[in-house]
Structures are given as structure tokens and as C-alpha cells.
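Asks: Please read through the structure below; I'll follow up with questions.
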Amino acid sequence: MKVEAKIITYEKDTMKAFGTLTINDCIVIKNIRLVQGKNKKLFISMPRYKTMDQDGHEVWKDIAYAHTVEARKEIEEAVVEAYKFELEKWLNTQETIEVSGVKIVNKDNLKGLATIRVDGVTIKSIKILEGEKGLFVSMPQYKTTDQDGNEVWKDIVYPTNKWQRETITSKVLKMYEQVRKSPHGEDKREGIG
């Protein structure tokens with residue numbers, strides 16, 4: 001069996017990642033979850049749905065599952081390997097992210113704009129916003145309408161995983177605080193916003 005896993009890190013409580021599996025280049029299974037057990041061991045949770053049994057109790061039913069020990073082991077190894085690859089990628093790239101400028105704005109909940117550089121690529125229009133839980137960073141987006149005519153925001157640039165998002169957020173907010181506390185409240189570097 002040929003198994004390919006594509007993982008998006010998530011890191012919330014015991015869930016570490018979710019993603020898709022491609023089996024033998026012919027079928028894709030979505031909503032695979034990588035979970036850390038109480039013993040700290042990683043295991044996969046295949047897609048399932050909640051329903052009621054004949055007695056009216058809530059039960060979970062599998063949508064797709066490995067029906068042999070060998071298949072489950074192969075799938076689990078592919079998912080864990082993809083997760084470790086994403087972790088290693090983050091560890092090797094976090095130093096390549098640098099904040100090259102911050103501009104204080106203070107217009108409603110928009111507090112500032114930032115520019116970052118990632119290994120020779122400049123990304124502008126990163127917003128520093130204030131929400132109910134404090135400051136957060138919003139990567140560049142554009143507004144459009146969906147098929148029902150509702151306004152929606154679409155990402156233009158976004159981090160590849162939660163760890164990259166946290167690295168960018170941490171570095172941008174640290175620079176924002178430095179600039180905010182400086183005597184003139186602005187960063188003189190080029191290419192801001």
C-alpha cells in the first residue's frame with residue numbers, strides 16, 4: 001500500500017495536527033487527526049461522525065478506517081512522519097523570519113502595520129489588531145463575495161503551520177511594543193505597511 005500524508009499542525013489540547021491521506025494515488029481521505037494520548041504517544045484518529053443508536057444514545061461511526069493492523073501501522077507511520085517533517089521545517093526556518101518595520105496606526109482596532117522578510121521575500125500589510133483578548137496579528141487578506149453574495153475575507157499570504165504563525169506573531173508584537181515605547185513612536189526602516 002502506498003500512503004502519502006499531508007499534515008496541517010493544529011496543537012490544541014491533545015490534538016497535534018490534522019490532514020489528508022492519499023492511498024495508492026487513487027483515493028483521498030480527509031479529516032485524519034493526530035492525537036497525543038495520556039502516555040504522550042501519538043496516534044491517529046480516522047474520520048467519523050456522531051449519530052444516535054437504536055436506544056437513543058450518541059455514538060460515533062467510522063467513515064473510513066484501516067481494517068488490518070498492518071494498514072493502520074502504515075497509515076500511522078505516514079502521518080507521524082509528516083508531522084515530524086513539519087516540526088523540523090519550522091525549527092529550521094524560524095530564524096529566517098525577521099520583522100523589517102512597524103508603523104503605529106491607532107485607528108479603531110487597527111493598532112499598527114508591519115512588514116516582515118522571509119529569506120529574501122518581503123511581506124507587507126500585516127495588521128496588528130486589538131481584539132477582546134488583546135493584540136493579535138492578521139496576515140494580508142482581501143475582501144470578496146462568496147457564491148451567496150456574502151462578504152468574506154480571503155488570505156493572500158499565510159503561515160504554513162501554527163508554529164510559524166506563533167513565530168511571526170511573537171516577532172511582530174515584540175517589535176510593535178518596542179516601536180510604541182520609542183520616543184517618536186515610529187520605526188524609520190523602509191517598506192512598512
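Residues in the C-alpha cells are named by chain (A, B, ... in the order shown) and by number from 1 within that chain; ligands are numbered from 1 in the order shown.
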May I have all residues of stretch 5-192 of chain A that DSSP, computed from the backbone, assigns to alpha helix (DSSP H), given as a VMD selection string?

Replies: chain A and resid 69 to 93 162 to 181

Asks: Which residues of stretch 76-185 of chain A come within 12 Å of stretch 37-56 of chain A, and what is each one's closest atom pair and distance in Å (one decimal), counting only C-alpha atoms, sorted by chain and residue number, as JSON lines?

Replies:
```
{"residue": "A:Glu76", "atom": "CA", "partner": "A:Ile44", "partner_atom": "CA", "distance": 6.0}
{"residue": "A:Glu77", "atom": "CA", "partner": "A:Phe43", "partner_atom": "CA", "distance": 9.2}
{"residue": "A:Ala78", "atom": "CA", "partner": "A:Ile44", "partner_atom": "CA", "distance": 10.2}
{"residue": "A:Val79", "atom": "CA", "partner": "A:Ile44", "partner_atom": "CA", "distance": 7.6}
{"residue": "A:Val80", "atom": "CA", "partner": "A:Leu42", "partner_atom": "CA", "distance": 7.4}
{"residue": "A:Glu81", "atom": "CA", "partner": "A:Leu42", "partner_atom": "CA", "distance": 10.9}
{"residue": "A:Tyr83", "atom": "CA", "partner": "A:Leu42", "partner_atom": "CA", "distance": 10.2}
{"residue": "A:Lys84", "atom": "CA", "partner": "A:Leu42", "partner_atom": "CA", "distance": 11.1}
```

Asks: List the neighbours of stretch 158-174 of chain A out to 9 Å using only C-alpha atoms; skip same-chain residues closer than 4 positions along the sequence, and give me the result as a list in words.

Replies: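 Result of the neighbour search: Ile8, Thr9, Tyr10, Glu11, Glu86, Leu87, Trp90, Leu91, Thr93, Gln94, Ile97, Glu98, Val99, Gly101, Val102, Ala114, Thr115, Ile116, Ile126, Ile128, Leu135, Phe136, Val137, Ser138, Met139, Pro140, Gln178 and Val179 of chain A.
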
Asks: I'd like the neighbourhood of A:Thr20 as a list in words, where a residue qualifies if any of its atoms comes within 7 Å (using only C-alpha atoms), though same-chain residues fewer than 2 positions away should be ignored.

Replies: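 Close residues of A:Thr20: Ala5, Lys6, Ile7, Thr22, Val28, Ile29, Lys30, Asn31 and Ile32 of chain A.
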
Asks: Mind dumping the selected residues with C-alpha atoms as a PDB file, in the first residue's frame?

Replies:
```pdb
ATOM      1  CA  ALA A   5       0.079  12.168   4.304  1.00  0.00           C
ATOM      2  CA  LYS A   6      -0.282  15.950   4.168  1.00  0.00           C
ATOM      3  CA  ILE A   7      -0.483  17.499   7.603  1.00  0.00           C
ATOM      4  CA  THR A  22      -3.778   9.606  -0.243  1.00  0.00           C
ATOM      5  CA  VAL A  28      -8.053  10.786  -0.602  1.00  0.00           C
ATOM      6  CA  ILE A  29      -9.279  10.606   2.977  1.00  0.00           C
ATOM      7  CA  LYS A  30      -9.733  13.939   4.766  1.00  0.00           C
ATOM      8  CA  ASN A  31     -10.052  14.793   8.462  1.00  0.00           C
ATOM      9  CA  ILE A  32      -7.337  12.485   9.733  1.00  0.00           C
TER      10      ILE A  32
END
```

Asks: Excluding A:Gly134 and any residue of its chain fewer than 4 positions from it, enumerate the residues within 12 Å of it, using only C-alpha atoms, and give them as a ChimeraX atom specification.

Replies: /A:109-111,128-130,173

Asks: How about saving the chosen residues, C-alpha atoms kept, as a compact mmCIF listing (two decimals), in the first residue's frame?

Replies:
```
# COMPACT_ATOMS: atom_id res chain seq x y z
CA ASN A 109 -8.94 48.35 16.46
CA LEU A 110 -6.07 48.67 13.93
CA LYS A 111 -3.03 49.48 16.05
CA ILE A 128 -1.63 44.50 14.28
CA LEU A 129 -5.16 44.45 15.67
CA GLU A 130 -6.69 44.70 19.12
CA LEU A 173 4.23 42.11 18.53
```

Asks: Per DSSP on the backbone, what are the strand (DSSP E) residues of stretch 60-187 of chain A, as an NGL selection string?

Replies: :A and (60-62 or 97-107 or 110-118 or 121-131 or 134-138 or 141-145 or 151-155)

Asks: What is the distance between atom CA of A:Gln141 and atom CA of A:Trp153, in Å to one decimal?

Replies: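 Computing it gives 6.2 Å between the two atoms.
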
Asks: Please measure the separation of atom CA of A:Val35 and atom CA of A:Lys154, giving the value in Å to one decimal.

Replies: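 One can read the atom CA of A:Val35 to atom CA of A:Lys154 distance as 28.9 Å.
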
Asks: Could you tell me how far atom CA of A:Lys89 sits from atom CA of A:Ile156, in Å to one decimal place?

Replies: 21.4 Å

Asks: Would you please work out which residue, of A:Gln36, A:Thr14, A:Thr96, A:Thr68, is nearest to A:Met1 when using only C-alpha atoms?

Replies: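 Closest residue, counting only C-alpha atoms: A:Thr68.
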
Asks: Between A:Lys107, A:Asn150, A:Tyr65, A:Val157, single out the one closest to A:Ser125, counting only C-alpha atoms.

Replies: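 Under the stated criterion, the closest residue is A:Val157.
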